[in-house]
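One file, input.txt, is given below (compact mmCIF, C-alpha atoms and all ligand atoms).
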```txt
# COMPACT_ATOMS: atom_id res chain seq x y z
CA MET A 1 0.00 0.00 0.00
CA ASP A 2 1.27 3.52 -0.83
CA HIS A 3 1.97 5.79 2.10
CA VAL A 4 -1.14 7.64 3.26
CA THR A 5 -1.05 11.09 4.82
CA THR A 6 -3.22 11.26 7.90
CA LEU A 7 -4.93 14.44 9.03
CA SER A 8 -2.71 14.71 12.12
CA GLU A 9 0.42 14.32 10.01
CA PHE A 10 -0.85 16.88 7.51
CA ILE A 11 -1.68 19.56 10.08
CA ILE A 12 1.61 19.15 11.88
CA ARG A 13 3.48 19.35 8.58
CA ASN A 14 1.64 22.54 7.64
CA GLN A 15 1.98 24.17 11.04
CA GLN A 16 5.09 25.97 9.82
CA ASP A 17 2.87 27.97 7.41
CA PHE A 18 1.66 30.00 10.37
CA PRO A 19 3.98 32.64 11.65
CA PHE A 20 4.59 32.22 15.40
CA ALA A 21 2.64 28.95 15.31
CA SER A 22 2.55 27.45 18.74
CA GLY A 23 0.69 24.29 17.85
CA GLU A 24 -2.57 25.40 19.47
CA LEU A 25 -4.52 25.50 16.22
CA THR A 26 -3.10 22.12 15.33
CA ARG A 27 -4.37 20.73 18.62
CA LEU A 28 -7.75 22.37 18.10
CA LEU A 29 -8.15 20.76 14.67
CA ASN A 30 -7.20 17.49 16.26
CA ASP A 31 -9.89 17.91 18.96
CA ILE A 32 -12.45 18.57 16.20
CA SER A 33 -11.43 15.41 14.36
CA ILE A 34 -11.73 13.32 17.52
CA ALA A 35 -15.28 14.56 18.19
CA ALA A 36 -16.09 13.99 14.50
CA LYS A 37 -15.07 10.32 14.77
CA ILE A 38 -17.28 9.82 17.82
CA VAL A 39 -20.24 11.51 16.13
CA ASN A 40 -19.58 9.45 13.01
CA ARG A 41 -19.79 6.25 15.05
CA GLU A 42 -23.21 7.24 16.39
CA VAL A 43 -24.47 8.46 13.00
CA ASN A 44 -23.58 5.05 11.56
CA LYS A 45 -25.60 3.36 14.30
CA ALA A 46 -28.62 5.64 13.78
CA GLY A 47 -30.46 3.03 11.71
CA LEU A 48 -30.36 0.72 14.69
CA VAL A 49 -32.45 3.12 16.71
CA ASN A 50 -35.38 0.73 16.87
CA ILE A 51 -33.12 -1.91 18.33
CA LEU A 52 -31.14 0.37 20.58
CA GLY A 53 -34.06 2.58 21.67
CA ASP A 54 -35.75 5.82 20.54
CA ALA A 55 -34.62 9.24 21.65
CA GLY A 56 -35.86 9.90 25.16
CA SER A 57 -36.23 6.20 26.00
CA ILE A 58 -33.93 4.02 28.12
CA ASN A 59 -31.80 1.61 26.08
CA VAL A 60 -30.78 -1.92 26.99
CA HIS A 61 -27.75 -0.61 28.86
CA GLY A 62 -30.01 1.45 31.10
CA GLU A 63 -28.84 4.74 29.50
CA GLU A 64 -31.10 7.46 28.18
CA VAL A 65 -31.03 7.58 24.36
CA LYS A 66 -30.24 11.06 23.16
CA LYS A 67 -31.28 12.73 19.94
CA LEU A 68 -28.31 12.66 17.57
CA ASP A 69 -28.06 16.43 17.23
CA GLU A 70 -27.96 16.84 21.02
CA PHE A 71 -25.43 14.04 21.22
CA ALA A 72 -23.21 15.71 18.59
CA ASP A 73 -23.46 19.03 20.40
CA GLN A 74 -22.37 17.45 23.68
CA GLN A 75 -19.51 15.53 22.06
CA PHE A 76 -18.05 18.57 20.36
CA ILE A 77 -18.36 20.73 23.45
CA ALA A 78 -16.79 18.03 25.64
CA ALA A 79 -13.87 17.50 23.22
CA LEU A 80 -13.27 21.23 22.88
CA LYS A 81 -13.43 21.78 26.63
CA ALA A 82 -11.06 18.93 27.32
CA GLY A 83 -8.69 20.07 24.57
CA GLY A 84 -8.33 23.49 26.20
CA GLN A 85 -7.71 25.49 22.99
CA VAL A 86 -10.96 27.52 22.99
CA CYS A 87 -12.34 29.91 25.59
CA ALA A 88 -15.93 29.75 24.27
CA VAL A 89 -18.16 27.74 21.94
CA GLY A 90 -21.09 29.15 19.97
CA SER A 91 -23.42 26.38 18.81
CA GLU A 92 -26.64 26.22 16.83
CA GLU A 93 -28.00 24.03 19.63
CA ASN A 94 -27.53 26.64 22.37
CA GLU A 95 -29.07 30.08 22.57
CA ASN A 96 -26.08 31.66 24.32
CA ILE A 97 -22.38 31.10 23.88
CA ILE A 98 -20.82 28.53 26.19
CA ARG A 99 -18.07 30.32 28.08
CA ILE A 100 -15.27 27.98 29.07
CA ASP A 101 -13.62 28.59 32.37
CA THR A 102 -11.40 25.62 33.09
CA PRO A 103 -7.77 25.72 34.23
CA VAL A 104 -6.70 24.12 30.94
CA SER A 105 -8.42 26.77 28.78
CA LYS A 106 -7.29 29.74 30.88
CA ASN A 107 -4.96 31.03 28.18
CA ALA A 108 -6.90 29.72 25.18
CA ARG A 109 -6.58 32.00 22.17
CA TYR A 110 -9.53 30.84 20.07
CA VAL A 111 -13.31 30.67 19.97
CA ILE A 112 -15.29 28.29 17.78
CA ALA A 113 -18.74 28.63 16.23
CA LEU A 114 -20.32 25.38 15.10
CA ASP A 115 -23.36 23.61 13.84
CA PRO A 116 -22.77 20.20 15.45
CA LEU A 117 -25.20 18.27 13.25
CA ASP A 118 -26.77 20.08 10.33
CA GLY A 119 -29.57 18.78 8.15
CA SER A 120 -31.99 17.96 10.95
CA THR A 121 -34.72 16.68 8.64
CA ASN A 122 -32.32 14.10 7.20
CA ILE A 123 -30.99 12.66 10.46
CA ASP A 124 -33.64 10.01 10.94
CA VAL A 125 -33.83 8.86 7.34
CA ASN A 126 -30.26 7.79 6.58
CA VAL A 127 -29.44 10.74 4.33
CA SER A 128 -26.13 12.65 4.46
CA ILE A 129 -25.73 15.18 7.26
CA GLY A 130 -22.82 17.29 8.44
CA THR A 131 -20.96 19.31 11.03
CA ILE A 132 -19.77 22.84 10.22
CA PHE A 133 -17.14 24.79 12.18
CA SER A 134 -15.52 28.21 12.18
CA VAL A 135 -12.58 29.28 14.34
CA TYR A 136 -11.67 32.85 15.32
CA ARG A 137 -8.85 34.35 17.32
CA ARG A 138 -10.38 35.84 20.48
CA ILE A 139 -10.66 39.62 20.88
CA SER A 140 -11.14 39.60 24.65
CA LEU A 141 -7.89 39.48 26.55
CA SER A 142 -8.37 36.70 29.10
CA GLY A 143 -10.86 34.58 31.02
CA PRO A 144 -13.76 32.84 29.29
CA GLY A 145 -14.72 34.18 25.83
CA THR A 146 -17.36 36.86 25.24
CA ASP A 147 -20.06 37.53 22.63
CA GLU A 148 -17.75 40.09 21.08
CA ASP A 149 -15.24 37.34 20.26
CA PHE A 150 -17.82 35.81 17.92
CA LEU A 151 -19.07 38.98 16.25
CA GLN A 152 -16.20 39.23 13.81
CA PRO A 153 -16.60 39.20 10.02
CA GLY A 154 -15.81 35.94 8.22
CA THR A 155 -12.59 37.46 6.84
CA GLU A 156 -11.15 37.03 10.36
CA GLN A 157 -11.57 33.24 10.47
CA VAL A 158 -8.36 31.31 11.11
CA ALA A 159 -9.74 27.85 10.35
CA ALA A 160 -13.05 26.64 8.96
CA GLY A 161 -14.53 23.53 7.47
CA TYR A 162 -17.02 20.74 7.68
CA ILE A 163 -17.45 17.04 8.20
CA ILE A 164 -19.83 15.21 5.90
CA TYR A 165 -21.31 11.95 7.17
CA GLY A 166 -22.15 10.46 3.79
CA SER A 167 -21.48 7.29 1.84
CA SER A 168 -18.07 7.86 3.35
CA THR A 169 -17.16 10.36 6.03
CA MET A 170 -14.98 13.29 5.06
CA LEU A 171 -13.42 16.23 6.82
CA VAL A 172 -12.75 19.24 4.59
CA TYR A 173 -11.06 22.36 5.93
CA THR A 174 -9.07 25.47 5.21
CA THR A 175 -6.70 27.64 7.20
CA GLY A 176 -6.35 30.10 4.32
CA LYS A 177 -3.90 28.06 2.23
CA GLY A 178 -6.35 26.28 -0.01
CA VAL A 179 -8.81 23.52 0.82
CA ASN A 180 -7.95 19.92 1.64
CA GLY A 181 -10.27 16.95 2.06
CA PHE A 182 -9.67 13.85 4.21
CA THR A 183 -11.68 10.65 4.06
CA LEU A 184 -12.15 8.58 7.19
CA ASP A 185 -10.73 5.10 6.79
CA PRO A 186 -12.83 3.19 9.33
CA SER A 187 -10.42 0.27 9.36
CA ILE A 188 -7.64 2.40 10.88
CA GLY A 189 -9.84 5.13 12.40
CA GLU A 190 -7.92 7.92 10.66
CA PHE A 191 -8.87 10.74 8.31
CA CYS A 192 -6.57 10.29 5.29
CA LEU A 193 -5.74 12.94 2.71
CA SER A 194 -7.89 12.02 -0.29
CA HIS A 195 -8.68 15.39 -1.91
CA PRO A 196 -5.59 17.65 -1.80
CA GLN A 197 -6.01 21.28 -2.89
CA ILE A 198 -9.67 21.11 -3.93
CA LYS A 199 -10.63 23.56 -6.70
CA ILE A 200 -14.24 24.24 -7.61
CA PRO A 201 -14.89 24.48 -11.36
CA VAL A 202 -15.31 28.13 -12.45
CA ASN A 203 -18.67 27.18 -13.94
CA GLY A 204 -20.96 24.23 -13.44
CA ASN A 205 -24.28 22.75 -14.48
CA ILE A 206 -25.92 22.05 -11.12
CA TYR A 207 -28.24 24.39 -9.27
CA SER A 208 -29.42 23.57 -5.73
CA VAL A 209 -32.39 25.37 -4.24
CA ASN A 210 -35.62 24.38 -2.53
CA GLN A 211 -37.99 25.08 -5.42
CA GLY A 212 -40.95 24.28 -3.18
CA HIS A 213 -40.59 27.86 -1.92
CA PHE A 214 -40.49 29.30 -5.45
CA ALA A 215 -43.61 31.44 -5.05
CA HIS A 216 -42.00 33.21 -2.07
CA PHE A 217 -38.59 33.88 -3.64
CA PRO A 218 -37.40 37.35 -4.65
CA ASP A 219 -37.88 38.10 -8.37
CA GLY A 220 -34.11 37.98 -8.94
CA VAL A 221 -33.99 34.34 -7.78
CA LYS A 222 -37.14 33.41 -9.74
CA GLN A 223 -35.61 34.83 -12.91
CA TYR A 224 -32.27 33.14 -12.26
CA ILE A 225 -34.00 29.78 -11.78
CA LYS A 226 -35.96 30.26 -15.01
CA ASN A 227 -32.67 31.00 -16.72
CA CYS A 228 -31.16 27.77 -15.31
CA GLN A 229 -34.08 25.86 -16.83
CA GLU A 230 -33.91 27.45 -20.27
CA GLU A 231 -32.40 25.68 -23.27
CA ASP A 232 -29.07 27.18 -24.35
CA LYS A 233 -26.58 24.83 -25.95
CA GLU A 234 -23.64 27.23 -25.70
CA SER A 235 -23.78 27.57 -21.91
CA GLY A 236 -24.93 24.00 -21.33
CA ARG A 237 -28.39 24.93 -20.09
CA PRO A 238 -30.77 23.63 -18.90
CA TYR A 239 -28.81 22.91 -15.75
CA THR A 240 -29.47 19.95 -13.48
CA LEU A 241 -31.37 20.46 -10.23
CA ARG A 242 -29.91 18.65 -7.20
CA TYR A 243 -31.20 19.40 -3.70
CA ILE A 244 -30.68 17.14 -0.71
CA GLY A 245 -31.76 19.56 2.02
CA SER A 246 -28.52 19.05 3.97
CA LEU A 247 -26.40 22.13 3.44
CA VAL A 248 -23.09 20.30 3.84
CA ALA A 249 -24.05 17.60 1.33
CA ASP A 250 -25.40 20.04 -1.26
CA PHE A 251 -22.38 22.29 -0.78
CA HIS A 252 -19.86 19.44 -0.95
CA ARG A 253 -21.27 18.02 -4.17
CA ASN A 254 -21.20 21.44 -5.83
CA LEU A 255 -17.67 22.08 -4.57
CA ILE A 256 -16.43 18.93 -6.26
CA LYS A 257 -18.56 19.03 -9.41
CA GLY A 258 -19.24 22.75 -9.91
CA GLY A 259 -22.62 24.34 -9.25
CA ILE A 260 -24.50 26.89 -7.21
CA PHE A 261 -26.33 26.54 -3.90
CA ILE A 262 -29.00 29.11 -3.10
CA TYR A 263 -31.03 29.68 0.06
CA PRO A 264 -32.51 33.11 -0.57
CA SER A 265 -34.77 35.31 1.51
CA THR A 266 -38.39 34.23 1.27
CA ALA A 267 -41.63 36.05 2.01
CA GLN A 268 -41.84 34.16 5.34
CA SER A 269 -38.11 34.44 6.21
CA PRO A 270 -36.95 37.81 4.87
CA LYS A 271 -33.42 37.19 6.13
CA GLY A 272 -33.24 33.65 4.71
CA LYS A 273 -32.89 30.52 6.83
CA LEU A 274 -29.20 29.81 7.14
CA ARG A 275 -27.02 31.15 9.94
CA LEU A 276 -24.15 33.47 9.14
CA LEU A 277 -21.70 32.46 11.86
CA TYR A 278 -21.67 28.68 11.80
CA GLU A 279 -23.24 27.76 8.44
CA CYS A 280 -22.54 30.48 5.85
CA ASN A 281 -19.19 31.99 6.89
CA PRO A 282 -17.18 28.76 7.20
CA LEU A 283 -18.50 27.40 3.90
CA ALA A 284 -17.98 30.81 2.27
CA TRP A 285 -14.32 30.75 3.22
CA VAL A 286 -13.95 27.17 2.02
CA VAL A 287 -15.54 27.95 -1.34
CA GLU A 288 -13.44 31.11 -1.80
CA GLN A 289 -10.28 29.21 -0.93
CA ALA A 290 -11.29 26.68 -3.59
CA GLY A 291 -11.69 29.48 -6.17
CA GLY A 292 -15.46 30.01 -5.88
CA LYS A 293 -17.70 32.73 -4.46
CA ALA A 294 -20.25 33.25 -1.69
CA SER A 295 -22.62 36.16 -1.51
CA ASN A 296 -25.87 37.30 0.08
CA GLY A 297 -27.09 38.25 -3.40
CA SER A 298 -25.14 41.48 -3.59
CA LYS A 299 -22.40 41.49 -0.95
CA ARG A 300 -19.58 39.10 -0.17
CA ILE A 301 -20.61 36.91 2.78
CA LEU A 302 -17.21 37.18 4.46
CA ASP A 303 -17.50 40.99 4.63
CA LEU A 304 -20.81 41.00 6.53
CA GLN A 305 -20.57 42.34 10.07
CA PRO A 306 -22.34 39.88 12.39
CA ARG A 307 -24.58 41.41 15.05
CA SER A 308 -25.74 38.29 16.84
CA LEU A 309 -24.72 34.65 17.25
CA HIS A 310 -27.70 33.17 15.42
CA GLN A 311 -28.03 35.81 12.70
CA ARG A 312 -29.44 34.59 9.39
CA THR A 313 -28.53 35.62 5.86
CA PRO A 314 -29.61 34.84 2.31
CA TYR A 315 -26.94 32.62 0.76
CA PHE A 316 -25.58 32.08 -2.75
CA ALA A 317 -22.43 29.93 -2.88
CA GLY A 318 -20.55 27.95 -5.48
CA SER A 319 -18.85 28.29 -8.84
CA GLN A 320 -17.66 31.83 -9.47
CA GLU A 321 -19.47 32.42 -12.77
CA MET A 322 -22.76 30.99 -11.51
CA VAL A 323 -22.76 33.12 -8.35
CA GLU A 324 -21.92 36.20 -10.42
CA ALA A 325 -24.78 35.44 -12.82
CA ALA A 326 -27.20 35.03 -9.90
CA GLU A 327 -26.00 38.36 -8.47
CA GLU A 328 -26.68 40.04 -11.81
CA PHE A 329 -30.25 38.72 -11.78
CA MET A 330 -30.66 39.96 -8.20
CA LEU A 331 -29.38 43.40 -9.13
CA LYS A 332 -31.71 43.60 -12.12
CA TYR A 333 -34.91 42.15 -10.66
CA SER A 334 -34.56 42.59 -6.86
CA PRO A 335 -32.50 45.75 -6.39
CA ALA A 336 -34.09 46.40 -2.99
CA GLU A 337 -32.38 43.27 -1.61
CA LYS A 338 -29.11 45.17 -1.87
CA ILE A 339 -29.83 46.67 1.52
CA ALA A 340 -30.33 43.25 3.13
P1 LIG B 1 -31.09 22.78 10.37
O1 LIG B 1 -29.97 23.58 10.96
O2 LIG B 1 -32.34 22.81 11.19
O3 LIG B 1 -30.68 21.40 10.01
O4 LIG B 1 -31.50 23.57 9.02
C1 LIG B 1 -30.53 23.83 8.06
C2 LIG B 1 -30.81 23.00 6.84
C3 LIG B 1 -29.67 23.02 5.86
O5 LIG B 1 -28.85 21.90 6.02
C4 LIG B 1 -30.37 22.96 4.53
O6 LIG B 1 -29.62 23.58 3.52
C5 LIG B 1 -31.66 23.68 4.79
O7 LIG B 1 -31.89 23.60 6.18
C6 LIG B 1 -32.82 23.08 4.09
O8 LIG B 1 -33.97 23.81 4.37
P2 LIG B 1 -35.33 23.56 3.60
O9 LIG B 1 -35.89 22.29 4.16
O10 LIG B 1 -36.19 24.76 3.91
O11 LIG B 1 -35.02 23.45 2.13
MG MG B 2 -28.03 23.94 10.85
```
Just dump the structure as structure tokens.
Ligand code: AHM
Ligand code: MG
Amino acid sequence: MDHVTTLSEFIIRNQQDFPFASGELTRLLNDISIAAKIVNREVNKAGLVNILGDAGSINVHGEEVKKLDEFADQQFIAALKAGGQVCAVGSEENENIIRIDTPVSKNARYVIALDPLDGSTNIDVNVSIGTIFSVYRRISLSGPGTDEDFLQPGTEQVAAGYIIYGSSTMLVYTTGKGVNGFTLDPSIGEFCLSHPQIKIPVNGNIYSVNQGHFAHFPDGVKQYIKNCQEEDKESGRPYTLRYIGSLVADFHRNLIKGGIFIYPSTAQSPKGKLRLLYECNPLAWVVEQAGGKASNGSKRILDLQPRSLHQRTPYFAGSQEMVEAAEEFMLKYSPAEKIA
């Protein structure tokens, strides 16, 4: 067998890319990968729920069975607390940030925003789901982290990525030097470098959007979708519609194959559905590092100034030319959205 590069080996090898690197970020990425393996183990057992017990019930071992998203939340928080590299965690599962005040994290330099298990409607039906994470350097000087530490624009991220629990489990991340993907080899329990320096095609032929909400979309999105469906040999239209309803899975496919993912504002959710801090920003940085774009329809996602932990934003992410085309339709048919 050829030599494989494990995630731990890869991050240690690349540590020298960071000036004054002290190894803390390396350890943090390692903590994330450990929690990811534990969550992966439970996700793989999810189909056995009828044998092992439903959420809320007591299983054969006399333990309470937890919902998978709660379980993932607890695993990540426990791993991050024990690792001692972050002074606070912001999670989709918790209204307020979790401030960490343990002796080991006293001098921690980072905070992490995460969606521990995204794609809630797909968890119980054996469809791909994911974890998304975004790491910032703290602004506060010492003690447990503060809200202010999280309210930094996406341009300030120091590491970001996702884990996809799919037909295989992958961890994909960036620290600002391109995007690398690692596939979990269950036989050795290691993430192994399988997708070095991922580049998203400049253009693609996949569009991903929940067309069930079509009637409530802004005119710019309606017109863009119509354009995707029109026949045009030169540009390869009509495009193919692919929508799983798990952001990480839809995003990952488009990253590899080329395409655009859209979750726009709707009449019922004028700010869109997806969360800026732990869904949109990390994936925006990943897609930019892979050569693509992410926008709220008019502005770059990474430039948005967050005002609260759970803030939502309309989201357009993927191949550069497709996102630019969607932005042009927004400008032409929904100019008011520019203020969003
Ligand atoms: P969740 O955080 O409750 O799982 O919701 C986020 C998910 C994303 O994974 C996905 O892109 C989107 O919701 C799908 O929403 P919809 O069912 O409205 O298309
Ligand atoms: Mg989510």
> Residues at most 7 Å from range 294-297 of chain A, counting only C-alpha atoms, excluding those fewer than 3 positions away in the same chain, as a VMD selection string?
Replying inline: chain A and resid 284 300 to 301 313 to 318 327 330
Contacts of range 183-283 of chain A with range 149-166 of chain A up to 7 Å, shortest pair per row, all atoms listed in the file, as a Markdown table:
```
| residue | atom | partner | partner_atom | distance |
| --- | --- | --- | --- | --- |
| A:Val248 | CA | A:Ile164 | CA | 6.4 |
| A:Ala249 | CA | A:Ile164 | CA | 6.7 |
| A:Asn281 | CA | A:Gly154 | CA | 5.4 |
| A:Pro282 | CA | A:Ala160 | CA | 5.0 |
| A:Leu283 | CA | A:Gly161 | CA | 6.6 |
```
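The closest residue to Glu321 in chain A, picked from A:Gln74, A:Arg41, A:Ser235, A:Leu28 and counting only C-alpha atoms, is A:Ser235.
Candidate residues A:Leu68, A:Val172, A:Ala267, A:Ile262 were compared for distance to Ser120 in chain A, and the nearest is A:Leu68, using only C-alpha atoms.
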>> Within 9 Å of ligand MG 2 (chain B) (counting all atoms listed in the file), which residues show up? I'd like them as a PyMOL selection string.
In response: chain A and resi 92-93+114-120+130-132+246-247+274-275+278-279
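Computed from the coordinates, the CA of His216 in chain A to CA of Tyr239 in chain A distance equals 21.6 Å.
Of note, CA of Arg27 in chain A and CA of Val39 in chain A are spaced 18.5 Å apart.
One finds CA of Asn203 in chain A at 11.7 Å from CA of Arg237 in chain A.
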>> Using all atoms listed in the file - which residues lie no farther than 10 Å from the point (-9.6, 29.5, -1.3) in the file's frame? Write them as a list in words.
In response: Thr174, Thr175, Gly176, Lys177, Gly178, Val179, Gln197, Ile198, Lys199, Ile200, Ala284, Trp285, Val286, Val287, Glu288, Gln289, Ala290, Gly291, Gly292 and Lys293 of chain A
Could you work out an axis-aligned bounding box for all listed atoms of ligand LIG 1 (chain B), with 4 Å added on each of the six sides, and give its centre and edge lengths in Å to one decimal, as AutoDock Vina command-line options?
```
--center_x -32.5 --center_y 23.1 --center_z 6.7 --size_x 15.3 --size_y 11.4 --size_z 17.1
```
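Proximity to ligand LIG 1 (chain B) was assessed for A:Ile129, A:Cys87, A:Ala215, A:Ile260 counting all atoms listed in the file; the smallest distance is recorded for A:Ile129.
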> What lies within 10 Å of Ile225 in chain A using all atoms listed in the file, ignoring chain neighbours under 2 positions off, as a list in words?
Replying inline: Tyr207, Ser208, Val209, Gln211, Phe214, Asp219, Gly220, Val221, Lys222, Gln223, Asn227, Cys228, Gln229, Glu230, Pro238, Tyr239, Leu241, Ala326 and Phe329 of chain A
> Within 6 Å of Pro144 in chain A, counting all atoms listed in the file, which residues qualify if same-chain residues fewer than 6 places away don't, as an NGL selection string?
Replying inline: :A and (87 or 99-101)
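Ranking A:Leu193, A:Val127, A:Leu80, A:Ala336 by their shortest atom-to-atom distance to ligand LIG 1 (chain B), with only C-alpha atoms and all ligand atoms included, puts A:Val127 first.
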> Pick from A:Ile12, A:Ile244, A:Val43, A:Leu309: nearest to ligand LIG 1 (chain B), with all atoms listed in the file counted?
Replying inline: A:Ile244
